[in-house]
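Asks: I'm passing along query08.pdb; it holds PDB, C-alpha atoms and all ligand atoms.
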```pdb
ATOM      1  CA  MET A   1      58.236 -19.809  47.941  1.00  0.00           C
ATOM      2  CA  ALA A   2      54.513 -19.634  47.211  1.00  0.00           C
ATOM      3  CA  ALA A   3      53.425 -18.584  43.752  1.00  0.00           C
ATOM      4  CA  ARG A   4      52.220 -15.017  43.335  1.00  0.00           C
ATOM      5  CA  HIS A   5      49.523 -15.906  40.871  1.00  0.00           C
ATOM      6  CA  ASP A   6      46.420 -18.080  40.824  1.00  0.00           C
ATOM      7  CA  GLN A   7      47.056 -21.826  40.474  1.00  0.00           C
ATOM      8  CA  THR A   8      43.863 -22.367  38.511  1.00  0.00           C
ATOM      9  CA  THR A   9      43.810 -21.676  34.788  1.00  0.00           C
ATOM     10  CA  ASP A  10      40.047 -22.200  34.383  1.00  0.00           C
ATOM     11  CA  PRO A  11      38.849 -19.020  32.609  1.00  0.00           C
ATOM     12  CA  VAL A  12      35.379 -19.117  34.238  1.00  0.00           C
ATOM     13  CA  LEU A  13      36.901 -19.423  37.673  1.00  0.00           C
ATOM     14  CA  LEU A  14      39.466 -16.694  36.980  1.00  0.00           C
ATOM     15  CA  ASP A  15      36.649 -14.420  35.846  1.00  0.00           C
ATOM     16  CA  GLY A  16      34.755 -15.204  39.054  1.00  0.00           C
ATOM     17  CA  LEU A  17      37.838 -14.438  41.136  1.00  0.00           C
ATOM     18  CA  LEU A  18      38.100 -11.098  39.366  1.00  0.00           C
ATOM     19  CA  GLN A  19      34.514 -10.191  40.350  1.00  0.00           C
ATOM     20  CA  ALA A  20      35.184 -11.227  43.949  1.00  0.00           C
ATOM     21  CA  ARG A  21      38.362  -9.130  44.078  1.00  0.00           C
ATOM     22  CA  ARG A  22      36.641  -6.146  42.470  1.00  0.00           C
ATOM     23  CA  GLY A  23      33.797  -6.455  44.963  1.00  0.00           C
ATOM     24  CA  THR A  24      36.277  -6.607  47.843  1.00  0.00           C
ATOM     25  CA  ALA A  25      38.014  -3.475  46.539  1.00  0.00           C
ATOM     26  CA  PHE A  26      34.641  -1.775  46.175  1.00  0.00           C
ATOM     27  CA  PHE A  27      33.639  -2.636  49.751  1.00  0.00           C
ATOM     28  CA  ALA A  28      37.054  -1.396  50.953  1.00  0.00           C
ATOM     29  CA  ARG A  29      36.544   1.907  49.142  1.00  0.00           C
ATOM     30  CA  LYS A  30      33.110   2.487  50.670  1.00  0.00           C
ATOM     31  CA  LEU A  31      34.452   1.541  54.109  1.00  0.00           C
ATOM     32  CA  ASN A  32      37.374   3.963  53.735  1.00  0.00           C
ATOM     33  CA  GLU A  33      34.933   6.760  52.918  1.00  0.00           C
ATOM     34  CA  LEU A  34      33.335   6.327  56.350  1.00  0.00           C
ATOM     35  CA  THR A  35      34.775   8.145  59.366  1.00  0.00           C
ATOM     36  CA  ASP A  36      35.143   6.247  62.629  1.00  0.00           C
ATOM     37  CA  GLU A  37      32.024   8.056  63.908  1.00  0.00           C
ATOM     38  CA  ASP A  38      30.104   7.077  60.767  1.00  0.00           C
ATOM     39  CA  LEU A  39      30.626   3.421  61.683  1.00  0.00           C
ATOM     40  CA  ASP A  40      28.172   3.867  64.566  1.00  0.00           C
ATOM     41  CA  GLY A  41      25.403   4.804  62.107  1.00  0.00           C
ATOM     42  CA  ASP A  42      22.656   2.524  60.875  1.00  0.00           C
ATOM     43  CA  SER A  43      23.156   0.231  57.902  1.00  0.00           C
ATOM     44  CA  LEU A  44      20.350  -0.718  55.525  1.00  0.00           C
ATOM     45  CA  LEU A  45      19.910  -3.979  57.459  1.00  0.00           C
ATOM     46  CA  PRO A  46      17.300  -3.832  60.249  1.00  0.00           C
ATOM     47  CA  GLY A  47      18.935  -3.846  63.691  1.00  0.00           C
ATOM     48  CA  TRP A  48      22.464  -3.676  62.304  1.00  0.00           C
ATOM     49  CA  THR A  49      24.805  -0.690  62.495  1.00  0.00           C
ATOM     50  CA  ARG A  50      27.562  -0.318  59.927  1.00  0.00           C
ATOM     51  CA  ARG A  51      29.822  -1.915  62.539  1.00  0.00           C
ATOM     52  CA  HIS A  52      27.769  -5.110  62.345  1.00  0.00           C
ATOM     53  CA  VAL A  53      28.058  -5.128  58.554  1.00  0.00           C
ATOM     54  CA  VAL A  54      31.843  -4.681  58.615  1.00  0.00           C
ATOM     55  CA  ALA A  55      32.257  -7.336  61.323  1.00  0.00           C
ATOM     56  CA  HIS A  56      30.043  -9.746  59.386  1.00  0.00           C
ATOM     57  CA  VAL A  57      31.927  -9.223  56.120  1.00  0.00           C
ATOM     58  CA  GLY A  58      35.249  -9.736  57.941  1.00  0.00           C
ATOM     59  CA  TYR A  59      34.181 -12.914  59.717  1.00  0.00           C
ATOM     60  CA  ASN A  60      32.570 -14.134  56.500  1.00  0.00           C
ATOM     61  CA  ALA A  61      35.976 -13.986  54.776  1.00  0.00           C
ATOM     62  CA  ARG A  62      37.485 -16.040  57.603  1.00  0.00           C
ATOM     63  CA  ALA A  63      34.642 -18.572  57.394  1.00  0.00           C
ATOM     64  CA  ILE A  64      35.035 -18.914  53.625  1.00  0.00           C
ATOM     65  CA  ALA A  65      38.817 -19.208  54.032  1.00  0.00           C
ATOM     66  CA  ARG A  66      38.161 -22.190  56.331  1.00  0.00           C
ATOM     67  CA  LEU A  67      36.310 -23.883  53.467  1.00  0.00           C
ATOM     68  CA  VAL A  68      39.203 -23.203  51.091  1.00  0.00           C
ATOM     69  CA  GLU A  69      41.628 -24.637  53.677  1.00  0.00           C
ATOM     70  CA  TRP A  70      39.359 -27.692  53.906  1.00  0.00           C
ATOM     71  CA  ALA A  71      39.613 -28.109  50.123  1.00  0.00           C
ATOM     72  CA  ALA A  72      43.377 -27.696  50.323  1.00  0.00           C
ATOM     73  CA  THR A  73      44.053 -30.121  53.195  1.00  0.00           C
ATOM     74  CA  GLY A  74      41.086 -32.518  53.192  1.00  0.00           C
ATOM     75  CA  VAL A  75      40.640 -31.772  56.904  1.00  0.00           C
ATOM     76  CA  GLU A  76      37.009 -30.828  57.548  1.00  0.00           C
ATOM     77  CA  THR A  77      36.791 -27.263  58.881  1.00  0.00           C
ATOM     78  CA  PRO A  78      33.237 -25.879  58.840  1.00  0.00           C
ATOM     79  CA  MET A  79      32.449 -22.225  58.180  1.00  0.00           C
ATOM     80  CA  TYR A  80      31.078 -21.759  61.695  1.00  0.00           C
ATOM     81  CA  PRO A  81      30.690 -24.264  64.564  1.00  0.00           C
ATOM     82  CA  SER A  82      27.009 -23.167  64.757  1.00  0.00           C
ATOM     83  CA  VAL A  83      24.647 -20.357  63.767  1.00  0.00           C
ATOM     84  CA  GLU A  84      24.749 -19.137  67.390  1.00  0.00           C
ATOM     85  CA  VAL A  85      28.528 -18.811  67.258  1.00  0.00           C
ATOM     86  CA  ARG A  86      28.269 -16.933  63.968  1.00  0.00           C
ATOM     87  CA  ASN A  87      25.755 -14.451  65.380  1.00  0.00           C
ATOM     88  CA  HIS A  88      27.683 -14.041  68.619  1.00  0.00           C
ATOM     89  CA  GLU A  89      30.844 -13.329  66.640  1.00  0.00           C
ATOM     90  CA  ILE A  90      29.114 -10.546  64.678  1.00  0.00           C
ATOM     91  CA  ASN A  91      27.740  -8.931  67.834  1.00  0.00           C
ATOM     92  CA  PHE A  92      31.167  -9.114  69.444  1.00  0.00           C
ATOM     93  CA  GLY A  93      32.899  -7.779  66.321  1.00  0.00           C
ATOM     94  CA  ALA A  94      30.565  -4.802  66.239  1.00  0.00           C
ATOM     95  CA  THR A  95      32.014  -3.684  69.606  1.00  0.00           C
ATOM     96  CA  LEU A  96      35.624  -3.595  68.365  1.00  0.00           C
ATOM     97  CA  SER A  97      37.478  -0.287  68.101  1.00  0.00           C
ATOM     98  CA  PRO A  98      37.279   1.334  64.651  1.00  0.00           C
ATOM     99  CA  ILE A  99      40.912   0.451  63.887  1.00  0.00           C
ATOM    100  CA  ALA A 100      40.412  -3.172  64.947  1.00  0.00           C
ATOM    101  CA  LEU A 101      37.253  -3.383  62.873  1.00  0.00           C
ATOM    102  CA  ARG A 102      39.020  -2.002  59.801  1.00  0.00           C
ATOM    103  CA  ASN A 103      41.930  -4.407  60.370  1.00  0.00           C
ATOM    104  CA  LEU A 104      39.500  -7.309  60.662  1.00  0.00           C
ATOM    105  CA  PHE A 105      38.118  -6.486  57.224  1.00  0.00           C
ATOM    106  CA  ASP A 106      41.543  -5.912  55.622  1.00  0.00           C
ATOM    107  CA  HIS A 107      43.373  -8.892  57.104  1.00  0.00           C
ATOM    108  CA  SER A 108      40.563 -11.384  56.549  1.00  0.00           C
ATOM    109  CA  ALA A 109      40.224 -10.293  52.922  1.00  0.00           C
ATOM    110  CA  VAL A 110      43.966 -10.651  52.305  1.00  0.00           C
ATOM    111  CA  HIS A 111      44.009 -14.052  54.013  1.00  0.00           C
ATOM    112  CA  LEU A 112      41.115 -15.353  51.917  1.00  0.00           C
ATOM    113  CA  ASN A 113      42.757 -14.098  48.764  1.00  0.00           C
ATOM    114  CA  VAL A 114      45.985 -15.939  49.607  1.00  0.00           C
ATOM    115  CA  GLU A 115      44.031 -19.150  50.256  1.00  0.00           C
ATOM    116  CA  TRP A 116      42.350 -18.818  46.861  1.00  0.00           C
ATOM    117  CA  ARG A 117      45.564 -17.916  45.081  1.00  0.00           C
ATOM    118  CA  ASP A 118      47.481 -20.874  46.457  1.00  0.00           C
ATOM    119  CA  LEU A 119      44.743 -23.502  46.050  1.00  0.00           C
ATOM    120  CA  PRO A 120      46.017 -26.066  43.503  1.00  0.00           C
ATOM    121  CA  ALA A 121      43.922 -26.342  40.320  1.00  0.00           C
ATOM    122  CA  ASP A 122      42.567 -29.830  41.177  1.00  0.00           C
ATOM    123  CA  ASN A 123      41.530 -28.906  44.718  1.00  0.00           C
ATOM    124  CA  TRP A 124      39.006 -26.358  43.418  1.00  0.00           C
ATOM    125  CA  HIS A 125      36.775 -29.367  42.652  1.00  0.00           C
ATOM    126  CA  HIS A 126      37.007 -30.775  46.210  1.00  0.00           C
ATOM    127  CA  LYS A 127      33.709 -30.766  48.036  1.00  0.00           C
ATOM    128  CA  VAL A 128      33.041 -28.567  51.068  1.00  0.00           C
ATOM    129  CA  LYS A 129      29.892 -27.792  53.082  1.00  0.00           C
ATOM    130  CA  THR A 130      28.270 -24.364  53.455  1.00  0.00           C
ATOM    131  CA  VAL A 131      26.675 -23.073  56.651  1.00  0.00           C
ATOM    132  CA  GLN A 132      23.273 -24.049  55.184  1.00  0.00           C
ATOM    133  CA  GLY A 133      24.547 -27.620  54.805  1.00  0.00           C
ATOM    134  CA  ARG A 134      24.874 -27.545  51.019  1.00  0.00           C
ATOM    135  CA  VAL A 135      27.739 -29.666  49.668  1.00  0.00           C
ATOM    136  CA  VAL A 136      29.500 -27.667  46.928  1.00  0.00           C
ATOM    137  CA  PRO A 137      32.844 -27.675  45.121  1.00  0.00           C
ATOM    138  CA  ALA A 138      35.403 -25.210  46.503  1.00  0.00           C
ATOM    139  CA  GLU A 139      34.822 -23.139  43.357  1.00  0.00           C
ATOM    140  CA  GLU A 140      31.509 -22.073  44.876  1.00  0.00           C
ATOM    141  CA  THR A 141      33.334 -20.153  47.636  1.00  0.00           C
ATOM    142  CA  VAL A 142      34.188 -17.478  45.066  1.00  0.00           C
ATOM    143  CA  TRP A 143      30.542 -16.745  44.324  1.00  0.00           C
ATOM    144  CA  MET A 144      29.611 -16.972  48.024  1.00  0.00           C
ATOM    145  CA  ARG A 145      32.087 -14.203  48.741  1.00  0.00           C
ATOM    146  CA  THR A 146      31.275 -12.164  45.634  1.00  0.00           C
ATOM    147  CA  ARG A 147      27.644 -11.643  46.547  1.00  0.00           C
ATOM    148  CA  GLU A 148      28.544 -10.815  50.158  1.00  0.00           C
ATOM    149  CA  VAL A 149      30.986  -8.013  49.354  1.00  0.00           C
ATOM    150  CA  TRP A 150      28.900  -6.380  46.616  1.00  0.00           C
ATOM    151  CA  VAL A 151      25.552  -6.469  48.430  1.00  0.00           C
ATOM    152  CA  HIS A 152      26.932  -5.482  51.832  1.00  0.00           C
ATOM    153  CA  ALA A 153      28.794  -2.528  50.259  1.00  0.00           C
ATOM    154  CA  VAL A 154      25.322  -1.197  49.417  1.00  0.00           C
ATOM    155  CA  ASP A 155      24.171  -2.021  52.967  1.00  0.00           C
ATOM    156  CA  LEU A 156      26.818   0.352  54.356  1.00  0.00           C
ATOM    157  CA  ASP A 157      24.403   3.046  53.139  1.00  0.00           C
ATOM    158  CA  ASN A 158      26.957   5.636  52.159  1.00  0.00           C
ATOM    159  CA  GLY A 159      26.261   6.001  48.485  1.00  0.00           C
ATOM    160  CA  ALA A 160      26.712   2.586  46.863  1.00  0.00           C
ATOM    161  CA  THR A 161      23.687   1.287  44.954  1.00  0.00           C
ATOM    162  CA  PHE A 162      22.834  -1.889  43.075  1.00  0.00           C
ATOM    163  CA  LYS A 163      23.709   0.044  39.894  1.00  0.00           C
ATOM    164  CA  ASP A 164      27.349  -0.137  41.027  1.00  0.00           C
ATOM    165  CA  ILE A 165      27.230  -3.948  40.961  1.00  0.00           C
ATOM    166  CA  PRO A 166      28.443  -5.495  37.665  1.00  0.00           C
ATOM    167  CA  GLU A 167      25.689  -6.937  35.455  1.00  0.00           C
ATOM    168  CA  PRO A 168      26.948 -10.556  35.560  1.00  0.00           C
ATOM    169  CA  VAL A 169      26.895 -10.426  39.384  1.00  0.00           C
ATOM    170  CA  LEU A 170      23.365  -8.956  39.414  1.00  0.00           C
ATOM    171  CA  ALA A 171      22.112 -11.529  36.918  1.00  0.00           C
ATOM    172  CA  ARG A 172      23.505 -14.457  38.888  1.00  0.00           C
ATOM    173  CA  LEU A 173      22.232 -13.039  42.157  1.00  0.00           C
ATOM    174  CA  LEU A 174      18.723 -12.621  40.760  1.00  0.00           C
ATOM    175  CA  GLN A 175      18.845 -16.185  39.455  1.00  0.00           C
ATOM    176  CA  ASP A 176      19.986 -17.436  42.884  1.00  0.00           C
ATOM    177  CA  ILE A 177      17.277 -15.597  44.779  1.00  0.00           C
ATOM    178  CA  THR A 178      14.388 -16.468  42.466  1.00  0.00           C
ATOM    179  CA  GLY A 179      15.677 -20.054  42.341  1.00  0.00           C
ATOM    180  CA  ALA A 180      15.533 -20.221  46.150  1.00  0.00           C
ATOM    181  CA  TRP A 181      11.916 -18.968  46.088  1.00  0.00           C
ATOM    182  CA  HIS A 182      11.044 -21.553  43.515  1.00  0.00           C
ATOM    183  CA  THR A 183      12.586 -24.389  45.533  1.00  0.00           C
ATOM    184  CA  ARG A 184      10.583 -23.298  48.584  1.00  0.00           C
ATOM    185  CA  GLY A 185       7.420 -22.601  46.586  1.00  0.00           C
ATOM    186  CA  THR A 186       7.203 -19.022  47.907  1.00  0.00           C
ATOM    187  CA  ASP A 187       6.860 -17.431  44.458  1.00  0.00           C
ATOM    188  CA  LYS A 188       3.280 -18.565  43.812  1.00  0.00           C
ATOM    189  CA  ASP A 189       1.411 -16.199  41.429  1.00  0.00           C
ATOM    190  CA  LEU A 190       4.420 -13.895  41.291  1.00  0.00           C
ATOM    191  CA  LEU A 191       6.129 -13.185  37.971  1.00  0.00           C
ATOM    192  CA  VAL A 192       9.352 -11.163  37.835  1.00  0.00           C
ATOM    193  CA  GLN A 193      10.392  -9.413  34.618  1.00  0.00           C
ATOM    194  CA  VAL A 194      13.629  -7.570  33.898  1.00  0.00           C
ATOM    195  CA  THR A 195      12.875  -4.716  31.496  1.00  0.00           C
ATOM    196  CA  ASP A 196      16.329  -3.709  30.260  1.00  0.00           C
ATOM    197  CA  SER A 197      18.512  -5.784  27.966  1.00  0.00           C
ATOM    198  CA  VAL A 198      21.489  -7.336  29.677  1.00  0.00           C
ATOM    199  CA  THR A 199      24.680  -8.422  27.937  1.00  0.00           C
ATOM    200  CA  GLY A 200      25.040 -12.190  27.844  1.00  0.00           C
ATOM    201  CA  GLN A 201      21.473 -12.806  29.046  1.00  0.00           C
ATOM    202  CA  PRO A 202      18.362 -13.891  27.135  1.00  0.00           C
ATOM    203  CA  ALA A 203      16.340 -10.965  25.706  1.00  0.00           C
ATOM    204  CA  ALA A 204      13.516 -11.636  28.169  1.00  0.00           C
ATOM    205  CA  MET A 205      14.714 -12.312  31.700  1.00  0.00           C
ATOM    206  CA  VAL A 206      11.624 -13.765  33.371  1.00  0.00           C
ATOM    207  CA  PHE A 207      11.573 -15.488  36.751  1.00  0.00           C
ATOM    208  CA  GLY A 208       9.128 -16.735  39.358  1.00  0.00           C
ATOM    209  CA  ASP A 209       5.822 -18.496  38.799  1.00  0.00           C
ATOM    210  CA  THR A 210       6.020 -18.562  34.995  1.00  0.00           C
ATOM    211  CA  THR A 211       2.998 -20.862  34.574  1.00  0.00           C
ATOM    212  CA  ALA A 212       0.528 -18.942  36.757  1.00  0.00           C
ATOM    213  CA  PRO A 213      -2.609 -17.993  34.755  1.00  0.00           C
ATOM    214  CA  SER A 214      -3.040 -14.581  36.377  1.00  0.00           C
ATOM    215  CA  PRO A 215       0.143 -13.627  38.230  1.00  0.00           C
ATOM    216  CA  THR A 216       1.126 -10.362  39.862  1.00  0.00           C
ATOM    217  CA  VAL A 217       3.864  -9.048  37.566  1.00  0.00           C
ATOM    218  CA  VAL A 218       6.727  -7.152  39.179  1.00  0.00           C
ATOM    219  CA  SER A 219       9.094  -5.507  36.726  1.00  0.00           C
ATOM    220  CA  GLY A 220      11.993  -3.107  36.467  1.00  0.00           C
ATOM    221  CA  PRO A 221      15.586  -2.796  35.276  1.00  0.00           C
ATOM    222  CA  LEU A 222      18.047  -5.507  36.367  1.00  0.00           C
ATOM    223  CA  ALA A 223      19.632  -3.459  39.172  1.00  0.00           C
ATOM    224  CA  ALA A 224      16.279  -2.384  40.678  1.00  0.00           C
ATOM    225  CA  THR A 225      14.824  -5.874  40.282  1.00  0.00           C
ATOM    226  CA  THR A 226      17.753  -7.504  42.048  1.00  0.00           C
ATOM    227  CA  GLN A 227      17.612  -4.908  44.814  1.00  0.00           C
ATOM    228  CA  TRP A 228      13.899  -5.611  45.298  1.00  0.00           C
ATOM    229  CA  ALA A 229      14.418  -9.403  45.152  1.00  0.00           C
ATOM    230  CA  ALA A 230      17.162  -9.115  47.791  1.00  0.00           C
ATOM    231  CA  GLY A 231      14.650  -7.453  50.118  1.00  0.00           C
ATOM    232  CA  ARG A 232      16.187  -4.001  49.876  1.00  0.00           C
ATOM    233  CA  GLY A 233      13.259  -1.865  48.724  1.00  0.00           C
ATOM    234  CA  SER A 234      11.164  -1.439  45.583  1.00  0.00           C
ATOM    235  CA  LYS A 235      12.632   1.798  44.197  1.00  0.00           C
ATOM    236  CA  GLY A 236      12.413   1.789  40.386  1.00  0.00           C
ATOM    237  CA  MET A 237       9.997  -1.149  40.320  1.00  0.00           C
ATOM    238  CA  ALA A 238       6.407  -1.377  39.044  1.00  0.00           C
ATOM    239  CA  ALA A 239       3.721  -4.008  39.600  1.00  0.00           C
ATOM    240  CA  THR A 240       0.610  -4.968  37.663  1.00  0.00           C
ATOM    241  CA  HIS A 241      -2.176  -7.504  38.060  1.00  0.00           C
ATOM    242  CA  ASP A 242      -4.485  -8.512  35.206  1.00  0.00           C
ATOM    243  CA  GLY A 243      -3.020  -5.670  33.175  1.00  0.00           C
ATOM    244  CA  GLY A 244      -3.836  -2.970  35.723  1.00  0.00           C
ATOM    245  CA  PRO A 245      -1.131  -1.160  37.700  1.00  0.00           C
ATOM    246  CA  LEU A 246      -0.864  -1.807  41.437  1.00  0.00           C
ATOM    247  CA  GLU A 247      -0.331   1.179  43.696  1.00  0.00           C
ATOM    248  CA  GLN A 248       2.199  -0.699  45.791  1.00  0.00           C
ATOM    249  CA  VAL A 249       4.864  -3.105  44.669  1.00  0.00           C
ATOM    250  CA  PRO A 250       4.516  -6.194  46.888  1.00  0.00           C
ATOM    251  CA  ALA A 251       7.468  -7.081  49.094  1.00  0.00           C
ATOM    252  CA  ALA A 252       9.664  -9.831  47.694  1.00  0.00           C
ATOM    253  CA  PRO A 253       9.507 -13.286  49.334  1.00  0.00           C
ATOM    254  CA  ALA A 254      12.276 -13.854  51.883  1.00  0.00           C
ATOM    255  CA  TRP A 255      15.665 -14.607  50.325  1.00  0.00           C
ATOM    256  CA  ILE A 256      17.624 -16.388  53.056  1.00  0.00           C
TER     257      ILE A 256
HETATM  258 ZN    ZN B   1      25.942 -11.480  54.567  1.00  0.00          ZN
END
```
Rewrite the structure from the file as C-alpha cells, please.

Replies:
Amino acid sequence: MAARHDQTTDPVLLDGLLQARRGTAFFARKLNELTDEDLDGDSLLPGWTRRHVVAHVGYNARAIARLVEWAATGVETPMYPSVEVRNHEINFGATLSPIALRNLFDHSAVHLNVEWRDLPADNWHHKVKTVQGRVVPAEETVWMRTREVWVHAVDLDNGATFKDIPEPVLARLLQDITGAWHTRGTDKDLLVQVTDSVTGQPAAMVFGDTTAPSPTVVSGPLAATTQWAAGRGSKGMAATHDGGPLEQVPAAPAWI
C-alpha cells in the first residue's frame, strides 16, 4: 500500500509543498464560489473567460504530473507535445460542461498531489524539462504549480487579490519575473522598489536596472508590485523619474 505522507523529508521542499497545497485549496474555494453561469464570464486575462482559466489550471496540473512521473520512472514524458497542443487543449477544455470542468480541476489536482506524495526522496533531484525547455530538478515542479494556482485564482476575478497570496510566494514570484526581464534585457532604465518590509527579505527589496544613472522608479507594497510586475494592473503603484512623480505608472515589461 502506498504511503499516505510525503516521501521527502527536506524541510524546504515540504514548505514549498505546503504553499502549493494551500494555493490549490485557495483556487478551489474561489472556483466553488462561482455559479455555473459565472464560469461564462470574463477573467482578468485578455480573451479568456473563467472557463479558459479553469481548463488551463486543470491541464497544467496534468502536465506537471507528467514531469513528476518522468522523475519517478526515468521515462521522458514532456509537459505538452507542443505549444499548439497546449493551446488547443485549453480552448477545448473551455467548452466542457460546468461539472466536467470542475471535475477536471479537482481530479487533476488530486492526481498531481498523489504523484508528489509518492515520489521517493532521491527522485526529487532527477532532472526534467519544462515547456520552455529549461532543465530543472523535479523539485521545481512544486514552485511551477504554486505560482499557477495563486495567480490564476486572482485571474478568476471574483474577489481574490494579490494581497491574498502569501508573502514568500509573492517575493519569489517578483524575483522570478524581474529576473526574467534582466535575462532578456527588457528592464533597461527601470528600477522597481518594494516599499513595505517583508518578513525574511532584505530591508530594501530593489529589482530591475539597479545601475542605471537616471531610471524610472516604480514602487509600491509587495502585493501591488508583484501584481504590476505580473502584468495585472498598476493599482497601488507610483512612479517617479528624476525625483518628479509621473502621472502614469508605465506598464511592466512582458513576463512570459
Ligand atoms: Zn498559467

Asks: So that I can see what lies close to range 183-189 of chain A, please list as a ChimeraX atom specification the residues with an atom at most 9 Å from it, counting only C-alpha atoms and leaving out residues fewer than 2 positions away in the same chain.

Replies: /A:178-181,191,208-217,252-254

Asks: Using the chain letters and numbers from the file, give me the residues hit by the PyMOL selection byres (((chain A and resi 56) around 10) and not hetatm), as a VMD selection string.

Replies: chain A and resid 50 to 55 57 to 62 86 to 87 89 to 91 93 to 94 104 to 105 148 152

Asks: Report, in Å to a single decimal, how far apart CA of Gly236 in chain A and CA of Phe207 in chain A are.

Replies: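 Here the two named atoms are 17.7 Å from each other.
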
Asks: Applied to the shown file, which residues does the PyMOL selection byres (((chain A and resi 38) around 12) and not hetatm) return, written as a list in words?

Replies: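 Going through the file, the PyMOL selection byres (((chain A and resi 38) around 12) and not hetatm) ends up selecting Lys30, Leu31, Asn32, Glu33, Leu34, Thr35, Asp36, Glu37, Leu39, Asp40, Gly41, Asp42, Ser43, Thr49, Arg50, Arg51, Pro98, Leu156, Asp157 and Asn158 of chain A.
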
Asks: Restricting the calculation to only C-alpha atoms, which member of A:Lys163, A:Arg4, A:Arg66, A:Arg172 is positioned closest to Ala224 in chain A?

Replies: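 Closest to Ala224 in chain A of all the choices is A:Lys163.
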
Asks: Name the closest residue to ligand ZN 1 (chain B) among the candidates A:Ala121, A:Leu45, A:Leu174, A:Val135; distances are taken between atoms, counting all atoms listed in the file.

Replies: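 Ranking A:Ala121, A:Leu45, A:Leu174, A:Val135 by distance to ligand ZN 1 (chain B), first place goes to A:Leu45.
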
Asks: Could you check the closest approach to ligand ZN 1 (chain B) for each of A:Glu76, A:Asp155, A:Glu247, A:Asp176 and tell me which residue wins, using all atoms listed in the file?

Replies: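 Answer, going by the shortest atom-to-atom distance: A:Asp155.
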
Asks: Please compute the CA of Val206 in chain A-CA of Val192 in chain A distance, one decimal, in Å.

Replies: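 Atom-to-atom, CA of Val206 in chain A and CA of Val192 in chain A are spaced 5.6 Å apart.
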
Asks: Check the smallest atom-to-atom distance from each of A:Gly133, A:Pro221, A:Gly47, A:Pro202 to Phe162 in chain A using all atoms listed in the file, then report the winner.

Replies: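 Under the stated criterion, the closest residue is A:Pro221.
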
Asks: Taking the file as shown, find all residues satisfying the PyMOL selection byres (((chain A and resi 5-22) around 12) and not hetatm) and write them as a ChimeraX atom specification.

Replies: /A:1-4,23-29,61,109-110,112-125,137-151,153,164-170,172

Asks: Let me make sure I understand: among A:Thr95, A:Val131, A:Leu67, A:Asp196, which one has the smallest atom-to-atom distance to ligand ZN 1 (chain B) if we use only C-alpha atoms and all ligand atoms?

Replies: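 Nearest candidate to ligand ZN 1 (chain B) out of A:Thr95, A:Val131, A:Leu67, A:Asp196: A:Val131.
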
Asks: Could you tell me which of A:Ala230, A:Thr161, A:His126, A:Asp242 comes closest to ligand ZN 1 (chain B) if we count all atoms listed in the file?

Replies: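 Checking each of A:Ala230, A:Thr161, A:His126, A:Asp242 against ligand ZN 1 (chain B), counting all atoms listed in the file, the winner is A:Ala230.
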
Asks: One decimal, Å: what's the distance from CA of His88 in chain A over to CA of Ala160 in chain A, could you say?

Replies: 27.4 Å

Asks: Which polymer residues have any atom within 9 Å of an atom of Lys235 in chain A, counting only C-alpha atoms, with same-chain residues fewer than 4 positions away left out, as a ChimeraX atom specification?

Replies: /A:224-225,227-228

Asks: With all atoms of range 60-71 of chain A from the file as input, state the centre and edge lengths in Å to one decimal of the axis-aligned box that has 6 Å extra on each side, as AutoDock Vina command-line options.

Replies:
```
--center_x 37.1 --center_y -21.0 --center_z 53.9 --size_x 21.1 --size_y 26.1 --size_z 19.5
```
